[in-house]
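Asker: Got a structure for you, questions after.
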Amino acid sequence: MSRHVFLTGPPGIGKTTLIQKVTQALKSSDVPIDGFYTEEVKEGGRRRGFDVVTLSGKRGPLSRVSSDSSASRRECRVGQYVVDVASFEQLVLPVLRNVNQGSDAEKKICVIDEIGKMELFSQAFIQAVRQMLAGSGTVVLGTIPIPKGKPLDLVEEIRSRRDVEVFTISKENRNSILQDILAAVESCRQ
């Protein structure tokens with residue numbers, strides 16, 4: 001029996017778009033839902049970084065292109081991006097804690113888009129995600145990257161959990177898979 005639903009697939013395939021469509025559908029059915037997604041930040045047609053956007057509309061930087069190649073050793077970097085762990089935690093941790101509060105009368109849904117390299121610089125985030133996956137009052141609807149390079153511990157942990165259903169998004173199925181994802185989330189709420 002699945003308790004959580006995750007989407008995976010290559011970058012730019014449409015995972016976040018699908019998450020947003022599922023979120024809108026659930027909200028319109030008055031399903032209690034909160035969480036965050038990650039959005040590209042572009043300037044003059046070029047990607048400058050990523051923002052975290054909570055479902056309540058708060059926004060803050062997750063990462064930005066570093067202009068300084070001699071950056072300090074203590075910076076958290078993924079490729080050309082410097083990750084703003086403090087900003088990420090400030091926005092995301094209260095949301096994850098709040099979703100876990102409240103009555104168990106109705107299972108809440110927590111959107112976590114995504115659990116990737118940048119987000120995993122936060123130990124507090126890793127802890128909060130593990131707690132949420134272990135608890136019974138919340139259904140996680142999240143995204144994880146496809147395996148590439150060195151495995152990410154938490155991502156592989158999620159992928160191999162028996163109580164997680166993983167949908168692999170492709171060009172072929174991304175326009176037809178929405179109902180299947182919605183049905184999976186609904187069955188997790190039962």
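Naming works like this for the structure tokens: A, B, ... for the chains as they're shown, residue 1 at the start of each chain, ligands 1 onward in shown order.
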Excluding A:Val140 and its own-chain neighbours fewer than 5 positions away, which residues fall within 9 Å of it when counting only C-alpha atoms? Please give them as a PyMOL selection string.

Answerer: chain A and resi 3-6+108-112+129+132-133+185

Asker: What lies within 12 Å of A:Arg189 using only C-alpha atoms, ignoring chain neighbours under 6 positions off, as number ranges by chain?

Answerer: A: 1-5, 26, 31-33, 104-110, 136-141, 182-183

Asker: Can I get the selected residues back with N, CA and C atoms, as a PDB file, in the first residue's frame?

Answerer:
```pdb
ATOM      1  N   MET A   1       0.847  -1.203   0.000  1.00  0.00           N
ATOM      2  CA  MET A   1       0.000   0.000   0.000  1.00  0.00           C
ATOM      3  C   MET A   1       0.883   1.253   0.000  1.00  0.00           C
ATOM      4  N   SER A   2       0.701   2.094  -1.004  1.00  0.00           N
ATOM      5  CA  SER A   2       1.507   3.313  -1.073  1.00  0.00           C
ATOM      6  C   SER A   2       0.974   4.381  -0.133  1.00  0.00           C
ATOM      7  N   ARG A   3       1.910   5.110   0.479  1.00  0.00           N
ATOM      8  CA  ARG A   3       1.531   6.230   1.340  1.00  0.00           C
ATOM      9  C   ARG A   3       2.038   7.558   0.802  1.00  0.00           C
ATOM     10  N   HIS A   4       2.959   7.491  -0.177  1.00  0.00           N
ATOM     11  CA  HIS A   4       3.546   8.707  -0.736  1.00  0.00           C
ATOM     12  C   HIS A   4       3.713   8.532  -2.237  1.00  0.00           C
ATOM     13  N   VAL A   5       3.729   9.676  -2.958  1.00  0.00           N
ATOM     14  CA  VAL A   5       3.851   9.642  -4.416  1.00  0.00           C
ATOM     15  C   VAL A   5       4.994  10.564  -4.834  1.00  0.00           C
ATOM     16  N   LEU A  26      -6.194  19.307  -6.509  1.00  0.00           N
ATOM     17  CA  LEU A  26      -6.478  18.951  -5.115  1.00  0.00           C
ATOM     18  C   LEU A  26      -7.045  20.140  -4.345  1.00  0.00           C
ATOM     19  N   VAL A  31      -8.853  19.726  -0.675  1.00  0.00           N
ATOM     20  CA  VAL A  31      -7.942  18.822   0.020  1.00  0.00           C
ATOM     21  C   VAL A  31      -6.895  19.682   0.730  1.00  0.00           C
ATOM     22  N   PRO A  32      -6.634  19.428   2.035  1.00  0.00           N
ATOM     23  CA  PRO A  32      -5.618  20.232   2.729  1.00  0.00           C
ATOM     24  C   PRO A  32      -4.224  19.936   2.163  1.00  0.00           C
ATOM     25  N   ILE A  33      -3.579  20.966   1.660  1.00  0.00           N
ATOM     26  CA  ILE A  33      -2.294  20.782   0.977  1.00  0.00           C
ATOM     27  C   ILE A  33      -1.390  21.977   1.239  1.00  0.00           C
ATOM     28  N   ASP A 104      -5.405  14.525  12.820  1.00  0.00           N
ATOM     29  CA  ASP A 104      -5.190  13.397  11.926  1.00  0.00           C
ATOM     30  C   ASP A 104      -6.503  12.935  11.312  1.00  0.00           C
ATOM     31  N   ALA A 105      -7.550  13.725  11.526  1.00  0.00           N
ATOM     32  CA  ALA A 105      -8.862  13.353  10.998  1.00  0.00           C
ATOM     33  C   ALA A 105      -8.797  13.225   9.480  1.00  0.00           C
ATOM     34  N   GLU A 106      -8.035  14.119   8.874  1.00  0.00           N
ATOM     35  CA  GLU A 106      -7.906  14.090   7.424  1.00  0.00           C
ATOM     36  C   GLU A 106      -6.433  14.176   7.070  1.00  0.00           C
ATOM     37  N   LYS A 107      -5.975  13.274   6.209  1.00  0.00           N
ATOM     38  CA  LYS A 107      -4.565  13.302   5.818  1.00  0.00           C
ATOM     39  C   LYS A 107      -4.284  14.522   4.965  1.00  0.00           C
ATOM     40  N   LYS A 108      -3.229  15.227   5.353  1.00  0.00           N
ATOM     41  CA  LYS A 108      -2.803  16.390   4.577  1.00  0.00           C
ATOM     42  C   LYS A 108      -1.820  15.926   3.517  1.00  0.00           C
ATOM     43  N   ILE A 109      -1.659  16.787   2.511  1.00  0.00           N
ATOM     44  CA  ILE A 109      -0.681  16.502   1.470  1.00  0.00           C
ATOM     45  C   ILE A 109       0.412  17.553   1.555  1.00  0.00           C
ATOM     46  N   CYS A 110       1.639  17.097   1.478  1.00  0.00           N
ATOM     47  CA  CYS A 110       2.774  18.015   1.488  1.00  0.00           C
ATOM     48  C   CYS A 110       3.542  17.871   0.179  1.00  0.00           C
ATOM     49  N   SER A 136       2.302   9.164   9.875  1.00  0.00           N
ATOM     50  CA  SER A 136       1.133   8.606   9.188  1.00  0.00           C
ATOM     51  C   SER A 136       0.116   9.657   8.767  1.00  0.00           C
ATOM     52  N   GLY A 137       0.281  10.891   9.233  1.00  0.00           N
ATOM     53  CA  GLY A 137      -0.749  11.896   8.976  1.00  0.00           C
ATOM     54  C   GLY A 137      -0.577  12.682   7.689  1.00  0.00           C
ATOM     55  N   THR A 138       0.542  12.469   6.995  1.00  0.00           N
ATOM     56  CA  THR A 138       0.838  13.282   5.820  1.00  0.00           C
ATOM     57  C   THR A 138       1.197  12.413   4.618  1.00  0.00           C
ATOM     58  N   VAL A 139       0.629  12.777   3.476  1.00  0.00           N
ATOM     59  CA  VAL A 139       1.005  12.150   2.207  1.00  0.00           C
ATOM     60  C   VAL A 139       1.998  13.090   1.527  1.00  0.00           C
ATOM     61  N   VAL A 140       3.179  12.592   1.194  1.00  0.00           N
ATOM     62  CA  VAL A 140       4.150  13.430   0.491  1.00  0.00           C
ATOM     63  C   VAL A 140       3.960  13.239  -1.010  1.00  0.00           C
ATOM     64  N   LEU A 141       3.812  14.374  -1.708  1.00  0.00           N
ATOM     65  CA  LEU A 141       3.801  14.397  -3.168  1.00  0.00           C
ATOM     66  C   LEU A 141       5.068  15.146  -3.549  1.00  0.00           C
ATOM     67  N   LEU A 182      -3.035  11.799  -9.792  1.00  0.00           N
ATOM     68  CA  LEU A 182      -4.127  12.212  -8.900  1.00  0.00           C
ATOM     69  C   LEU A 182      -4.752  11.010  -8.206  1.00  0.00           C
ATOM     70  N   ALA A 183      -5.009   9.948  -8.965  1.00  0.00           N
ATOM     71  CA  ALA A 183      -5.608   8.737  -8.395  1.00  0.00           C
ATOM     72  C   ALA A 183      -4.691   8.126  -7.337  1.00  0.00           C
TER      73      ALA A 183
END
```

Asker: State, in Å with one decimal place, the distance from atom CA of A:Gly9 to atom CA of A:Lys148.

Answerer: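 Computed distance, atom CA of A:Gly9 to atom CA of A:Lys148, equals 10.9 Å.
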
Asker: So which residues touch A:Leu154 within 12 Å, counting only C-alpha atoms, skipping near sequence neighbours fewer than 6 positions away, as a list in words?

Answerer: Glu114, Ile115, Gly116, Lys117, Glu119, Leu120, Phe121, Ser122, Gln123, Phe125, Ile126, Gln127, Ala128, Val129, Arg130, Leu133, Ile144, Pro145, Pro147, Ser160 and Arg161 of chain A

Asker: Near A:Lys15, counting only C-alpha atoms, which residues have an atom at most 10 Å away, once you skip same-chain residues fewer than 3 positions from it, shown as an MDAnalysis selection string?

Answerer: chainID A and resid 6:12 18:21 113:114 142:145 167:170 174

Asker: Name all residues at most 9 Å from stretch 77-94 of chain A (count only C-alpha atoms; drop same-chain ones fewer than 3 positions away) and give them as JSON, numbers by chain.

Answerer: {"A": [35, 36, 48, 49, 50, 51, 52, 53, 54, 58, 59, 60, 61, 62, 63, 64, 65, 66, 67, 97, 98, 99, 117, 118, 119, 121, 122, 124, 125, 128]}

Asker: Produce a file of the selected residues containing N, CA, C and O atoms, as a short mmCIF file (atom, residue, chain, number, x, y, z; two decimals), in the first residue's frame.

Answerer:
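So the final result, stored in selection.cif, reads:
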```
data_model
loop_
_atom_site.label_atom_id
_atom_site.label_comp_id
_atom_site.auth_asym_id
_atom_site.auth_seq_id
_atom_site.Cartn_x
_atom_site.Cartn_y
_atom_site.Cartn_z
N GLY A 35 3.21 23.06 1.09
CA GLY A 35 4.52 22.61 0.62
C GLY A 35 5.20 23.67 -0.23
O GLY A 35 4.91 24.87 -0.09
N PHE A 36 6.08 23.22 -1.11
CA PHE A 36 6.83 24.16 -1.92
C PHE A 36 7.23 23.52 -3.24
O PHE A 36 7.26 22.31 -3.38
N ARG A 48 19.48 32.19 -14.16
CA ARG A 48 20.35 32.81 -13.15
C ARG A 48 20.35 32.01 -11.85
O ARG A 48 21.15 32.26 -10.97
N GLY A 49 19.36 31.10 -11.72
CA GLY A 49 19.30 30.32 -10.49
C GLY A 49 17.91 29.76 -10.29
O GLY A 49 17.13 29.63 -11.24
N PHE A 50 17.61 29.45 -9.02
CA PHE A 50 16.32 28.87 -8.66
C PHE A 50 15.77 29.55 -7.42
O PHE A 50 16.53 29.91 -6.53
N ASP A 51 14.45 29.71 -7.39
CA ASP A 51 13.76 30.19 -6.20
C ASP A 51 12.94 29.06 -5.62
O ASP A 51 12.49 28.16 -6.35
N VAL A 52 12.71 29.13 -4.33
CA VAL A 52 11.75 28.25 -3.66
C VAL A 52 10.47 29.06 -3.54
O VAL A 52 10.50 30.22 -3.13
N VAL A 53 9.33 28.46 -3.91
CA VAL A 53 8.04 29.14 -3.80
C VAL A 53 7.12 28.23 -2.98
O VAL A 53 6.90 27.08 -3.34
N THR A 54 6.62 28.77 -1.86
CA THR A 54 5.70 27.97 -1.05
C THR A 54 4.30 28.06 -1.65
O THR A 54 4.00 28.99 -2.39
N LYS A 58 4.90 32.53 -0.59
CA LYS A 58 6.19 33.11 -0.18
C LYS A 58 7.27 32.62 -1.12
O LYS A 58 7.21 31.49 -1.62
N ARG A 59 8.26 33.47 -1.36
CA ARG A 59 9.31 33.13 -2.31
C ARG A 59 10.66 33.59 -1.77
O ARG A 59 10.77 34.61 -1.12
N GLY A 60 11.70 32.79 -2.06
CA GLY A 60 13.05 33.18 -1.66
C GLY A 60 14.05 32.42 -2.50
O GLY A 60 13.73 31.43 -3.14
N PRO A 61 15.31 32.90 -2.50
CA PRO A 61 16.33 32.26 -3.33
C PRO A 61 16.74 30.89 -2.80
O PRO A 61 16.90 30.71 -1.60
N LEU A 62 16.87 29.93 -3.71
CA LEU A 62 17.47 28.64 -3.39
C LEU A 62 18.92 28.66 -3.85
O LEU A 62 19.82 28.26 -3.13
N SER A 63 19.14 29.18 -5.07
CA SER A 63 20.51 29.25 -5.59
C SER A 63 20.62 30.33 -6.65
O SER A 63 19.63 30.71 -7.26
N ARG A 64 21.84 30.78 -6.85
CA ARG A 64 22.14 31.75 -7.90
C ARG A 64 23.47 31.39 -8.55
O ARG A 64 24.34 30.80 -7.91
N VAL A 65 23.62 31.79 -9.81
CA VAL A 65 24.89 31.61 -10.49
C VAL A 65 25.94 32.42 -9.75
O VAL A 65 25.70 33.56 -9.38
N SER A 66 27.08 31.79 -9.49
CA SER A 66 28.15 32.48 -8.80
C SER A 66 28.97 33.25 -9.81
O SER A 66 29.41 32.70 -10.82
N SER A 67 29.20 34.53 -9.53
CA SER A 67 30.01 35.34 -10.45
C SER A 67 31.48 35.27 -10.05
O SER A 67 32.36 35.65 -10.79
N ARG A 97 7.05 21.73 9.02
CA ARG A 97 6.63 21.53 10.42
C ARG A 97 5.13 21.73 10.56
O ARG A 97 4.46 20.98 11.26
N ASN A 98 4.59 22.75 9.89
CA ASN A 98 3.15 23.05 10.00
C ASN A 98 2.30 21.95 9.41
O ASN A 98 1.23 21.64 9.93
N VAL A 99 2.73 21.37 8.31
CA VAL A 99 1.96 20.30 7.68
C VAL A 99 1.83 19.13 8.66
O VAL A 99 0.80 18.48 8.73
N LYS A 117 20.03 17.67 -5.20
CA LYS A 117 21.35 18.02 -4.66
C LYS A 117 21.35 19.32 -3.87
O LYS A 117 21.94 19.40 -2.80
N MET A 118 20.71 20.35 -4.41
CA MET A 118 20.74 21.66 -3.75
C MET A 118 20.05 21.60 -2.38
O MET A 118 20.57 22.10 -1.39
N GLU A 119 18.86 20.99 -2.36
CA GLU A 119 18.08 20.92 -1.13
C GLU A 119 18.77 20.06 -0.07
O GLU A 119 18.63 20.31 1.13
N PHE A 121 21.76 19.94 0.87
CA PHE A 121 22.78 20.60 1.68
C PHE A 121 22.23 20.91 3.07
O PHE A 121 22.98 21.19 3.99
N SER A 122 20.91 20.87 3.22
CA SER A 122 20.28 21.17 4.51
C SER A 122 20.02 19.89 5.30
O SER A 122 19.15 19.10 4.94
N ALA A 124 18.73 19.80 8.25
CA ALA A 124 17.41 19.95 8.89
C ALA A 124 16.29 19.55 7.92
O ALA A 124 15.29 18.95 8.33
N PHE A 125 16.48 19.85 6.65
CA PHE A 125 15.50 19.45 5.62
C PHE A 125 15.45 17.93 5.50
O PHE A 125 14.38 17.32 5.48
N ALA A 128 13.58 16.55 8.40
CA ALA A 128 12.14 16.84 8.32
C ALA A 128 11.46 15.92 7.30
O ALA A 128 10.36 15.42 7.54
#
```

Asker: Could you give me the residues within stretch 36-122 of chain A that DSSP places in helix (DSSP H, G or I), as a PyMOL selection string?

Answerer: chain A and resi 85-100+119-121

Asker: Just write the chosen residues, N, CA, C and O atoms, as an mmCIF file, in the first residue's frame.

Answerer:
```cif
data_model
loop_
_atom_site.group_PDB
_atom_site.id
_atom_site.type_symbol
_atom_site.label_atom_id
_atom_site.label_comp_id
_atom_site.auth_asym_id
_atom_site.auth_seq_id
_atom_site.Cartn_x
_atom_site.Cartn_y
_atom_site.Cartn_z
ATOM 1 N N VAL A 85 21.493 28.059 1.623
ATOM 2 C CA VAL A 85 20.868 27.101 2.544
ATOM 3 C C VAL A 85 20.014 27.820 3.581
ATOM 4 O O VAL A 85 18.901 27.385 3.893
ATOM 5 N N ALA A 86 20.497 28.951 4.099
ATOM 6 C CA ALA A 86 19.756 29.681 5.137
ATOM 7 C C ALA A 86 18.400 30.151 4.612
ATOM 8 O O ALA A 86 17.375 29.990 5.273
ATOM 9 N N SER A 87 18.378 30.700 3.417
ATOM 10 C CA SER A 87 17.128 31.168 2.810
ATOM 11 C C SER A 87 16.172 29.997 2.592
ATOM 12 O O SER A 87 14.982 30.068 2.894
ATOM 13 N N PHE A 88 16.706 28.893 2.079
ATOM 14 C CA PHE A 88 15.907 27.689 1.832
ATOM 15 C C PHE A 88 15.263 27.189 3.127
ATOM 16 O O PHE A 88 14.053 26.965 3.198
ATOM 17 N N GLU A 89 16.072 27.074 4.178
ATOM 18 C CA GLU A 89 15.563 26.554 5.451
ATOM 19 C C GLU A 89 14.527 27.483 6.070
ATOM 20 O O GLU A 89 13.524 27.016 6.624
ATOM 21 N N GLN A 90 14.777 28.782 5.954
ATOM 22 C CA GLN A 90 13.857 29.770 6.523
ATOM 23 C C GLN A 90 12.458 29.647 5.929
ATOM 24 O O GLN A 90 11.460 29.780 6.622
ATOM 25 N N LEU A 91 12.397 29.385 4.631
ATOM 26 C CA LEU A 91 11.105 29.262 3.946
ATOM 27 C C LEU A 91 10.469 27.893 4.113
ATOM 28 O O LEU A 91 9.276 27.774 4.373
ATOM 29 N N VAL A 92 11.275 26.848 3.947
ATOM 30 C CA VAL A 92 10.743 25.496 3.819
ATOM 31 C C VAL A 92 10.483 24.806 5.158
ATOM 32 O O VAL A 92 9.460 24.144 5.326
ATOM 33 N N LEU A 93 11.385 24.956 6.125
ATOM 34 C CA LEU A 93 11.228 24.217 7.380
ATOM 35 C C LEU A 93 9.918 24.543 8.109
ATOM 36 O O LEU A 93 9.232 23.619 8.554
ATOM 37 N N PRO A 94 9.516 25.823 8.218
ATOM 38 C CA PRO A 94 8.219 26.092 8.875
ATOM 39 C C PRO A 94 7.046 25.432 8.152
ATOM 40 O O PRO A 94 6.118 24.951 8.799
ATOM 41 N N VAL A 95 7.101 25.386 6.831
ATOM 42 C CA VAL A 95 6.026 24.760 6.058
ATOM 43 C C VAL A 95 5.960 23.272 6.378
ATOM 44 O O VAL A 95 4.888 22.721 6.646
ATOM 45 N N LEU A 96 7.104 22.604 6.379
ATOM 46 C CA LEU A 96 7.137 21.165 6.654
ATOM 47 C C LEU A 96 6.680 20.871 8.080
ATOM 48 O O LEU A 96 5.957 19.902 8.323
ATOM 49 N N ARG A 97 7.052 21.734 9.016
ATOM 50 C CA ARG A 97 6.627 21.527 10.417
ATOM 51 C C ARG A 97 5.126 21.728 10.559
ATOM 52 O O ARG A 97 4.463 20.979 11.263
ATOM 53 N N ASN A 98 4.589 22.754 9.889
ATOM 54 C CA ASN A 98 3.153 23.049 9.996
ATOM 55 C C ASN A 98 2.295 21.950 9.410
ATOM 56 O O ASN A 98 1.231 21.644 9.932
ATOM 57 N N VAL A 99 2.734 21.369 8.305
ATOM 58 C CA VAL A 99 1.958 20.301 7.685
ATOM 59 C C VAL A 99 1.831 19.134 8.659
ATOM 60 O O VAL A 99 0.799 18.475 8.728
ATOM 61 N N ASN A 100 2.884 18.897 9.424
ATOM 62 C CA ASN A 100 2.868 17.779 10.373
ATOM 63 C C ASN A 100 2.003 18.034 11.604
ATOM 64 O O ASN A 100 1.694 17.107 12.335
ATOM 65 N N GLU A 119 18.863 20.988 -2.361
ATOM 66 C CA GLU A 119 18.078 20.920 -1.130
ATOM 67 C C GLU A 119 18.768 20.064 -0.066
ATOM 68 O O GLU A 119 18.627 20.305 1.134
ATOM 69 N N LEU A 120 19.547 19.062 -0.516
ATOM 70 C CA LEU A 120 20.170 18.121 0.417
ATOM 71 C C LEU A 120 21.386 18.689 1.145
ATOM 72 O O LEU A 120 21.980 18.019 1.985
ATOM 73 N N PHE A 121 21.758 19.940 0.871
ATOM 74 C CA PHE A 121 22.778 20.604 1.682
ATOM 75 C C PHE A 121 22.230 20.910 3.070
ATOM 76 O O PHE A 121 22.983 21.192 3.989
#
```

Asker: Quick one: distance from atom CA of A:Gln131 to atom CA of A:Thr23 in Å, one decimal?

Answerer: 21.9 Å

Asker: Using only C-alpha atoms, which residue out of A:Ala134, A:Val164, A:Leu152, A:Ile181 lies closest to A:Ala25?

Answerer: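 Nearest candidate to A:Ala25 out of A:Ala134, A:Val164, A:Leu152, A:Ile181: A:Ile181.
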
Asker: Running DSSP on the backbone, which parts of chain A land in strand (DSSP E), as a PyMOL selection string?

Answerer: chain A and resi 4-9+33-43+46-54+59-65+76-78+81-83+108-112+138-145+164-168

Asker: Could you jot down the atom CA of A:Asp34 to atom CA of A:Leu55 separation for me, Å, one decimal place?

Answerer: 5.7 Å
